[in-house]
>>> print(open('query_5.txt').read())   # compact mmCIF, C-alpha atoms
# COMPACT_ATOMS: atom_id res chain seq x y z
CA ASN A 1 5.02 24.95 -12.31
CA THR A 2 3.27 21.59 -12.46
CA SER A 3 2.43 19.91 -15.78
CA PHE A 4 1.31 16.57 -17.18
CA LEU A 5 3.82 13.76 -17.51
CA PRO A 6 4.31 12.31 -21.04
CA ALA A 7 1.26 10.29 -22.12
CA ASP A 8 3.18 7.01 -22.43
CA LEU A 9 4.46 7.37 -18.88
CA CYS A 10 0.90 7.80 -17.59
CA LEU A 11 -0.22 4.42 -18.93
CA GLU A 12 -0.64 1.57 -16.47
CA ASN A 13 2.57 -0.37 -16.10
CA ILE A 14 3.08 -3.52 -14.03
CA MET A 15 6.53 -4.60 -12.89
CA LYS A 16 7.66 -7.58 -10.85
CA TYR A 17 10.05 -7.39 -7.92
CA ASN A 18 11.91 -9.90 -5.75
CA ILE A 19 9.80 -10.60 -2.65
CA ASP A 20 12.79 -12.15 -0.87
CA GLU A 21 14.88 -9.02 -1.36
CA TYR A 22 11.95 -6.70 -0.67
CA ASP A 23 9.96 -8.60 1.95
CA PHE A 24 7.17 -6.09 2.54
CA HIS A 25 4.82 -8.81 3.77
CA GLY A 26 7.20 -9.75 6.56
CA ALA A 27 7.94 -6.11 7.38
CA ILE A 28 4.26 -5.24 7.77
CA VAL A 29 3.60 -8.42 9.78
CA ASN A 30 6.33 -7.32 12.20
CA LEU A 31 4.93 -3.80 12.33
CA LEU A 32 1.40 -5.00 13.09
CA ARG A 33 2.56 -7.46 15.72
CA GLY A 34 4.07 -4.51 17.57
CA CYS A 35 0.79 -2.57 17.61
CA ASP A 36 -1.85 -2.26 20.31
CA GLU A 37 -4.02 -5.34 19.72
CA ASP A 38 -7.12 -3.74 21.24
CA LEU A 39 -6.89 -0.80 18.86
CA ILE A 40 -5.29 -2.13 15.66
CA GLY A 41 -5.90 -5.87 15.75
CA THR A 42 -4.25 -9.26 15.92
CA PHE A 43 -3.52 -12.31 13.77
CA ARG A 44 -5.86 -15.26 14.03
CA LEU A 45 -4.25 -18.68 13.88
CA MET A 46 -4.43 -20.68 10.66
CA SER A 47 -6.28 -24.03 10.73
CA GLU A 48 -3.06 -26.05 10.89
CA ASP A 49 -1.91 -23.90 13.80
CA ILE A 50 -5.15 -24.54 15.67
CA GLN A 51 -4.57 -28.29 15.31
CA ALA A 52 -0.99 -27.87 16.44
CA THR A 53 -2.06 -26.08 19.58
CA SER A 54 -4.29 -28.94 20.72
CA ALA A 55 -1.29 -30.01 22.78
CA GLN A 56 -1.96 -26.95 24.90
CA ASN A 57 -4.21 -29.11 27.09
CA GLN A 58 -1.08 -30.91 28.28
CA PHE A 59 1.57 -28.24 28.08
CA GLY A 60 -0.30 -25.02 28.84
CA ASN A 61 0.84 -21.98 26.83
CA ILE A 62 4.14 -23.53 25.78
CA ALA A 63 2.71 -25.14 22.65
CA LEU A 64 0.99 -21.92 21.60
CA GLU A 65 4.19 -19.91 22.05
CA ARG A 66 6.17 -22.41 19.98
CA VAL A 67 3.66 -22.27 17.13
CA ALA A 68 3.50 -18.46 17.23
CA SER A 69 7.29 -18.22 17.09
CA LYS A 70 7.60 -20.22 13.88
CA PRO A 71 8.41 -18.10 10.78
CA GLY A 72 5.72 -17.72 8.16
CA ARG A 73 2.85 -18.42 10.55
CA PHE A 74 1.48 -14.91 10.32
CA LYS A 75 -0.45 -14.06 7.15
CA LEU A 76 -1.78 -10.59 6.48
CA GLU A 77 -4.97 -12.17 5.13
CA ASN A 78 -5.57 -13.45 8.67
CA PHE A 79 -5.21 -10.10 10.41
CA GLU A 80 -8.36 -9.14 12.31
CA VAL A 81 -9.27 -5.52 13.12
CA PRO A 82 -11.48 -4.75 16.14
CA VAL A 83 -15.00 -3.68 15.17
CA LYS A 84 -14.72 -0.46 17.17
CA SER A 85 -11.71 0.56 15.07
CA LEU A 86 -13.83 0.37 11.91
CA THR A 87 -16.38 2.96 13.00
CA ARG A 88 -16.08 6.68 13.59
CA LYS A 89 -15.94 8.47 16.92
CA CYS A 90 -19.41 9.92 16.34
CA GLN A 91 -20.67 6.31 16.26
CA ASN A 92 -18.81 5.42 19.47
CA GLY A 93 -15.96 3.97 17.43
CA SER A 94 -12.24 4.72 17.32
CA ILE A 95 -11.30 4.66 13.64
CA GLU A 96 -9.71 8.12 13.81
CA LYS A 97 -7.56 7.10 16.78
CA ALA A 98 -6.58 3.84 15.08
CA GLN A 99 -5.61 5.59 11.84
CA LYS A 100 -3.44 8.10 13.71
CA TYR A 101 -1.83 5.35 15.78
CA LEU A 102 -1.04 3.23 12.70
CA SER A 103 0.29 6.22 10.76
CA ASP A 104 2.65 7.05 13.62
CA LYS A 105 3.80 3.42 13.73
CA VAL A 106 4.67 3.46 10.03
CA HIS A 107 6.51 6.78 10.40
CA SER A 108 8.64 5.42 13.25
CA ASP A 109 9.43 1.93 11.91
CA THR A 110 13.05 2.38 10.78
CA ASN A 111 13.40 -1.20 9.50
CA PHE A 112 10.36 -0.82 7.26
CA LEU A 113 11.42 2.63 6.02
CA THR A 114 14.93 1.38 5.22
CA LEU A 115 13.41 -1.42 3.14
CA PHE A 116 11.06 1.03 1.43
CA ASP A 117 13.89 3.46 0.58
CA LYS A 118 15.93 0.62 -0.88
CA PHE A 119 12.96 -0.52 -2.97
CA VAL A 120 12.19 2.93 -4.38
CA GLU A 121 15.79 3.93 -5.03
CA ASN A 122 16.99 0.60 -6.48
CA ALA A 123 13.88 -0.84 -8.14
CA ILE A 124 11.37 1.93 -8.90
CA LEU A 125 13.38 5.02 -9.84
CA PRO A 126 15.80 3.35 -12.30
CA LEU A 127 12.83 1.83 -14.14
CA LEU A 128 11.01 5.16 -14.12
CA LYS A 129 14.02 6.95 -15.59
CA GLN A 130 14.33 4.24 -18.23
CA ARG A 131 10.70 4.73 -19.21
CA MET A 132 11.27 8.49 -19.45
CA GLN A 133 14.19 7.87 -21.79
CA HIS A 134 11.95 5.75 -24.01
CA THR A 135 9.50 8.64 -24.29
CA GLY A 136 12.30 10.86 -25.58
CA VAL A 137 12.04 13.49 -22.83
CA GLU A 138 15.13 12.39 -20.93
CA ALA A 139 18.63 11.54 -22.17
CA ALA A 140 20.32 8.48 -20.72
CA TYR A 141 23.23 10.54 -19.36
CA SER A 142 21.15 13.33 -17.85
CA PRO A 143 20.65 13.40 -14.05
CA ILE A 144 17.08 13.82 -12.87
CA THR A 145 15.50 14.53 -9.50
CA PHE A 146 12.55 12.52 -8.21
CA TYR A 147 10.34 13.37 -5.23
CA TYR A 148 8.79 10.35 -3.58
CA GLN A 149 6.21 10.04 -0.84
CA ARG A 150 7.78 8.77 2.36
CA PRO A 151 6.45 6.90 4.18
CA PRO A 152 4.00 5.14 1.88
CA THR A 153 0.36 4.73 2.87
CA LEU A 154 -0.59 1.42 4.48
CA ARG A 155 -4.15 0.29 3.64
CA ILE A 156 -5.94 -2.38 5.67
CA GLN A 157 -9.37 -3.50 4.41
CA PRO A 158 -10.90 -6.26 6.56
CA GLY A 159 -13.85 -8.29 5.40
CA PRO A 160 -16.62 -9.03 5.12
CA ALA A 161 -17.83 -5.49 4.51
CA ARG A 162 -19.84 -3.56 1.95
CA ALA A 163 -17.97 -0.27 2.31
CA LEU A 164 -15.82 1.07 -0.49
CA VAL A 165 -14.13 4.33 -1.39
CA ARG A 166 -15.91 6.12 -4.21
CA ALA A 167 -14.21 6.47 -7.58
CA HIS A 168 -11.96 9.53 -7.41
CA ASP A 169 -8.87 11.12 -8.88
CA ASP A 170 -6.12 12.31 -6.56
CA ALA A 171 -6.16 15.86 -7.90
CA GLU A 172 -9.21 16.25 -5.67
CA TYR A 173 -6.91 15.78 -2.68
CA GLY A 174 -4.12 18.11 -3.76
CA HIS A 175 -1.96 15.81 -5.87
CA GLN A 176 -0.34 17.08 -9.05
CA ASN A 177 -0.31 15.95 -12.66
CA GLY A 178 3.48 15.67 -12.51
CA GLU A 179 3.46 12.55 -10.35
CA LEU A 180 2.70 8.84 -10.70
CA ASN A 181 0.90 6.52 -8.30
CA PHE A 182 2.38 3.16 -7.31
CA TRP A 183 0.21 0.43 -5.77
CA LEU A 184 1.57 -2.77 -4.15
CA PRO A 185 -0.81 -5.47 -2.91
CA LEU A 186 0.58 -7.46 0.01
CA THR A 187 -2.21 -10.05 0.11
CA ASN A 188 -3.61 -12.61 -2.30
CA ARG A 189 -6.31 -11.10 -4.54
CA ASP A 190 -7.76 -14.58 -5.10
CA ILE A 191 -8.46 -14.83 -1.36
CA SER A 192 -9.92 -11.36 -0.73
CA GLY A 193 -11.50 -10.79 -4.13
CA VAL A 194 -10.31 -7.18 -4.01
CA ASP A 195 -8.64 -5.35 -6.90
CA LEU A 196 -7.66 -1.82 -7.75
CA TRP A 197 -10.09 -0.53 -10.38
CA CYS A 198 -8.98 2.25 -12.74
CA GLU A 199 -10.14 4.05 -15.84
CA SER A 200 -7.62 3.94 -18.69
CA SER A 201 -7.62 7.71 -19.26
CA ALA A 202 -9.05 10.76 -17.55
CA GLY A 203 -12.84 10.80 -17.72
CA SER A 204 -13.13 7.69 -19.92
CA GLY A 205 -15.24 5.82 -17.37
CA ASP A 206 -13.95 2.45 -18.62
CA PHE A 207 -13.19 1.08 -15.17
CA HIS A 208 -11.38 -2.25 -15.15
CA PRO A 209 -9.65 -4.36 -12.48
CA VAL A 210 -5.87 -4.09 -12.43
CA LYS A 211 -4.97 -7.69 -11.64
CA VAL A 212 -1.79 -7.21 -9.66
CA SER A 213 -0.46 -9.96 -7.39
CA TYR A 214 1.93 -9.91 -4.45
CA GLY A 215 5.41 -9.44 -5.90
CA GLU A 216 4.13 -6.94 -8.46
CA VAL A 217 3.61 -3.18 -8.40
CA VAL A 218 1.52 -1.12 -10.81
CA SER A 219 2.07 2.53 -11.72
CA PHE A 220 -0.75 4.68 -13.06
CA HIS A 221 -1.66 8.35 -13.31
CA GLY A 222 -3.94 8.59 -10.31
CA SER A 223 -4.05 12.39 -10.35
CA SER A 224 -6.19 12.34 -13.49
CA CYS A 225 -7.53 8.79 -13.79
CA ARG A 226 -10.31 7.87 -11.37
CA HIS A 227 -9.78 4.74 -9.32
CA TYR A 228 -11.14 2.78 -6.35
CA VAL A 229 -11.04 -0.65 -4.72
CA ASN A 230 -14.12 -2.86 -4.61
CA PRO A 231 -15.71 -4.04 -1.33
CA ASN A 232 -14.12 -6.94 0.49
CA HIS A 233 -16.83 -9.58 0.81
CA SER A 234 -14.44 -12.30 1.95
CA GLN A 235 -13.65 -13.50 5.47
CA HIS A 236 -10.08 -12.25 5.07
CA THR A 237 -8.22 -8.94 5.10
CA ARG A 238 -6.80 -7.05 2.14
CA VAL A 239 -3.54 -5.13 2.76
CA SER A 240 -1.63 -2.90 0.36
CA LEU A 241 0.90 -0.07 0.17
CA ASP A 242 0.71 2.93 -2.11
CA PHE A 243 2.86 5.97 -2.75
CA ARG A 244 3.55 8.62 -5.37
CA VAL A 245 6.63 9.81 -7.21
CA GLY A 246 6.98 13.34 -8.56
CA VAL A 247 9.24 13.96 -11.56
CA GLU A 248 11.50 17.00 -11.89
CA GLY A 249 10.30 19.39 -14.59
CA PHE A 250 6.70 18.22 -14.18
CA PHE A 251 6.26 18.22 -10.40
CA ASP A 252 6.46 21.37 -8.27
CA PRO A 253 7.70 20.49 -4.74
CA CYS A 254 6.74 23.96 -3.47
CA TRP A 255 3.10 23.87 -4.60
CA GLN A 256 0.29 22.75 -2.31
CA MET A 257 -3.47 23.01 -2.66
CA VAL A 258 -4.97 25.22 0.03
CA GLY A 259 -6.50 23.12 2.78
CA THR A 260 -4.53 19.93 2.02
CA THR A 261 -1.53 18.32 3.70
CA ASP A 262 -0.34 15.94 0.95
CA ASP A 263 3.36 16.26 0.29
CA HIS A 264 6.52 14.34 -0.58
CA SER A 265 9.12 14.32 2.17
CA ARG A 266 11.97 13.18 -0.09
>>> encode(input="query_5.txt", output="structure tokens")
Amino acid sequence: NTSFLPADLCLENIMKYNIDEYDFHGAIVNLLRGCDEDLIGTFRLMSEDIQATSAQNQFGNIALERVASKPGRFKLENFEVPVKSLTRKCQNGSIEKAQKYLSDKVHSDTNFLTLFDKFVENAILPLLKQRMQHTGVEAAYSPITFYYQRPPTLRIQPGPARALVRAHDDAEYGHQNGELNFWLPLTNRDISGVDLWCESSAGSGDFHPVKVSYGEVVSFHGSSCRHYVNPNHSQHTRVSLDFRVGVEGFFDPCWQMVGTTDDHSR
């Protein structure tokens, strides 16, 4: 009972949102600051903070604590991940443990999830319904059910590194044609040099960077269109959120590919 969404709905679409109302950067900073530093990482001080802490010679840790407590001092671009958490267990690393730990943190962060629910329900779904109305498949007065992935996936890509995820479509991982992908960068693409790369239609091979900035979110049909992110060659970290929304009449909430665990909890 799963089928393709209308073609116009599958096209890439970029929308802006209010970063003060939906402060995902701040929410993820708070989440990461509450994590195990040895496993997940820590924030390095910015250059102006390093200068400010020179007073530490006179006042011990007091100056450092005052700087660290100031709002806006923590930038996701400056988050550093331990080397051992970037390699697999078979290579004496702990990436699997770190991924599980971080996933559990996201699942249990009620402040972040409340913000995410508000964003999806008040910003994403009304726009998605409006776009469906423009395609002619949904009347303005008709109620419709959406199924969205909750929690979203948090991606952390530290640099410099050569690794990248190969170009893929999400149908390979059990996702359906009746859902849309949403991708939100939380860091500055001009600093990391990392973009989401997509093909414009299934199998076209015309990969292009989707130049989305913080405060914007792009939707695309990731189940059929191959996509990837390029390597992060910078000295900074790239952070993003992504999630999927299934649409009633096109998405089957009861279907699941054998051997996969992808689902939509709401």
>>> atom_distance(input="query_5.txt", atom1="CA of Arg244 in chain A", atom2="CA of Leu180 in chain A")
5.4 Å
>>> atom_distance(input="query_5.txt", atom1="CA of Tyr214 in chain A", atom2="CA of Phe243 in chain A")
16.0 Å
>>> atom_distance(input="query_5.txt", atom1="CA of Lys211 in chain A", atom2="CA of Arg189 in chain A")
8.0 Å
>>> residues_around(input="query_5.txt", residues="Ser240 in chain A", least_positions_apart="6", cutoff="8 Å", atoms="all atoms listed in the file", output="ChimeraX atom specification")
/A:154-156,183-187
>>> closest_residue(input="query_5.txt", among="A:Asn30, A:Ser219, A:Asn78, A:Ser204", to="Arg131 in chain A", atoms="all atoms listed in the file")
A:Ser219
>>> axis_aligned_box(input="query_5.txt", around="range 245-259 of chain A", padding_each_side="8 Å", output="lines of an AutoDock Vina configuration file")
center_x = 2.5
center_y = 17.5
center_z = -5.9
size_x = 34.0
size_y = 31.4
size_z = 33.4
>>> closest_atom_pairs(input="query_5.txt", of="range 64-110 of chain A", to="range 236-239 of chain A", cutoff="10 Å", atoms="all atoms listed in the file", output="JSON lines")
{"residue": "A:Lys75", "atom": "CA", "partner": "A:Thr237", "partner_atom": "CA", "distance": 9.5}
{"residue": "A:Leu76", "atom": "CA", "partner": "A:Thr237", "partner_atom": "CA", "distance": 6.8}
{"residue": "A:Glu77", "atom": "CA", "partner": "A:Thr237", "partner_atom": "CA", "distance": 4.6}
{"residue": "A:Asn78", "atom": "CA", "partner": "A:His236", "partner_atom": "CA", "distance": 5.9}
{"residue": "A:Phe79", "atom": "CA", "partner": "A:Thr237", "partner_atom": "CA", "distance": 6.2}
{"residue": "A:Glu80", "atom": "CA", "partner": "A:Thr237", "partner_atom": "CA", "distance": 7.2}
{"residue": "A:Val81", "atom": "CA", "partner": "A:Thr237", "partner_atom": "CA", "distance": 8.8}
>>> write_last_selection(input="query_5.txt", atoms="C-alpha atoms", output="PDB file, in the frame of the given file")
ATOM      1  CA  LYS A  75      -0.450 -14.060   7.150  1.00  0.00           C
ATOM      2  CA  LEU A  76      -1.780 -10.590   6.480  1.00  0.00           C
ATOM      3  CA  GLU A  77      -4.970 -12.170   5.130  1.00  0.00           C
ATOM      4  CA  ASN A  78      -5.570 -13.450   8.670  1.00  0.00           C
ATOM      5  CA  PHE A  79      -5.210 -10.100  10.410  1.00  0.00           C
ATOM      6  CA  GLU A  80      -8.360  -9.140  12.310  1.00  0.00           C
ATOM      7  CA  VAL A  81      -9.270  -5.520  13.120  1.00  0.00           C
TER       8      VAL A  81
END
>>> closest_residue(input="query_5.txt", among="A:Ala171, A:Leu45, A:Ile191, A:Leu164", to="Tyr228 in chain A", atoms="only C-alpha atoms")
A:Leu164
>>> residues_around(input="query_5.txt", residues="range 145-151 of chain A", least_positions_apart="5", cutoff="10 Å", atoms="all atoms listed in the file", output="MDAnalysis selection string")
chainID A and resid 103 106:109 112:113 116:117 120:121 125 128:129 179:181 241:249 251:253 262:266
>>> decode(input="query_5.txt", residues="range 13-33 of chain A", atoms="C-alpha atoms", output="JSON list (two decimals), in the first residue's frame")
[["chain", "number", "residue", "atom", "x", "y", "z"],
["A", 13, "ASN", "CA", 12.13, 22.59, -2.04],
["A", 14, "ILE", "CA", 13.94, 24.95, 0.32],
["A", 15, "MET", "CA", 12.10, 26.84, 3.05],
["A", 16, "LYS", "CA", 13.34, 29.29, 5.66],
["A", 17, "TYR", "CA", 12.45, 29.13, 9.34],
["A", 18, "ASN", "CA", 12.93, 31.39, 12.36],
["A", 19, "ILE", "CA", 16.12, 30.33, 14.15],
["A", 20, "ASP", "CA", 15.11, 32.27, 17.26],
["A", 21, "GLU", "CA", 11.81, 30.41, 17.52],
["A", 22, "TYR", "CA", 13.37, 27.09, 16.52],
["A", 23, "ASP", "CA", 16.83, 27.27, 18.06],
["A", 24, "PHE", "CA", 18.15, 23.87, 17.03],
["A", 25, "HIS", "CA", 21.75, 25.05, 17.27],
["A", 26, "GLY", "CA", 21.33, 25.93, 20.92],
["A", 27, "ALA", "CA", 19.38, 22.75, 21.64],
["A", 28, "ILE", "CA", 22.08, 20.52, 20.16],
["A", 29, "VAL", "CA", 24.83, 22.49, 21.93],
["A", 30, "ASN", "CA", 23.06, 21.81, 25.22],
["A", 31, "LEU", "CA", 22.62, 18.15, 24.34],
["A", 32, "LEU", "CA", 26.30, 17.70, 23.46],
["A", 33, "ARG", "CA", 27.49, 19.53, 26.56]]
